[in-house]
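J.: Okay, here's the structure, questions in a sec.
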Amino acid sequence: MEPTEAEELQSLQEDVTNRQRFRRRPKPIGEVLSRLMARRGYAQVQQSSDLQAAVGKAVGKSLAKHCRPGKLSRGVLEIHVRNSSVLQELTFQKKQVLGKLTQAEGKIRDLKFRVGQID
């Protein structure tokens, strides 16, 4: 018994509907690029560069070459300094530096200074 023309048409329509249901849709290029950047770590490099510029601007030109930002954890930014005299100077200016950094990077709420190696 051969299917009728109406049955064949119905079967083809169901087949097309099923293929459309399981077909992958193209992903937006922004989503693909953000995943790639996150996997490769490019986003962290960019964020670190932006943070370095913000810290340099907040502490001033004379102290910027003697310090670099470390990790940012729960709103506390760790700033590594070359020696104890720079640490002491930044400790005196902590409120002003924190105010400038909060304006530039809204997620910073406190600063910690540590003596460390500066590249």
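For the structure tokens, the naming scheme is as follows: chains receive sequential letters (A, B, ...) according to their order of presentation, residues are indexed from 1 within each chain, and ligands are indexed from 1 in presentation order.
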What lies within 9 Å of Gln52 (chain A) using only C-alpha atoms, ignoring chain neighbours under 3 positions off, as a list in words?
T.: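 Residues meeting the cut-off are Gln47, Ser48, Ser49, Val55, Gly56, Lys57, Ala64, Arg68 and Pro69 of chain A.
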J.: If you run DSSP over the backbone, which residues in chain A end up helix (DSSP H, G or I)? Put them as a count of residues only.
T.: 72
J.: What does the distance between CA of Leu77 (chain A) and CA of Phe113 (chain A) come to in Å, to one decimal place?
T.: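 Result for CA of Leu77 (chain A) versus CA of Phe113 (chain A): 8.5 Å, one decimal.
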J.: May I have the residues within 10 Å of Lys65 (chain A) as a list in words, using only C-alpha atoms and disregarding those fewer than 3 positions away in the same chain?
T.: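 Within the cut-off, the hits are Gly56, Val59, Gly60, Lys61, Ser62, Arg68, Val81, Arg82, Ile118 and Asp119 of chain A.
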J.: Rank nothing, just name the residue among A:Arg114, A:Glu31, A:Gln13, A:Glu8 nearest to Leu87 (chain A), using only C-alpha atoms.
T.: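 Of all the options, A:Arg114 lies closest to Leu87 (chain A).
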J.: Near region 106-110 of chain A, counting only C-alpha atoms, which residues have an atom at most 10 Å away, once you skip same-chain residues fewer than 2 positions from it, shown as a list in words?
T.: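 The residues satisfying every condition are Leu72, Ser73, Arg74, Gly75, Val76, Leu77, Glu78, Lys94, Lys95, Val97, Leu98, Gly99, Lys100, Leu101, Thr102, Gln103, Ala104 and Lys112 of chain A.
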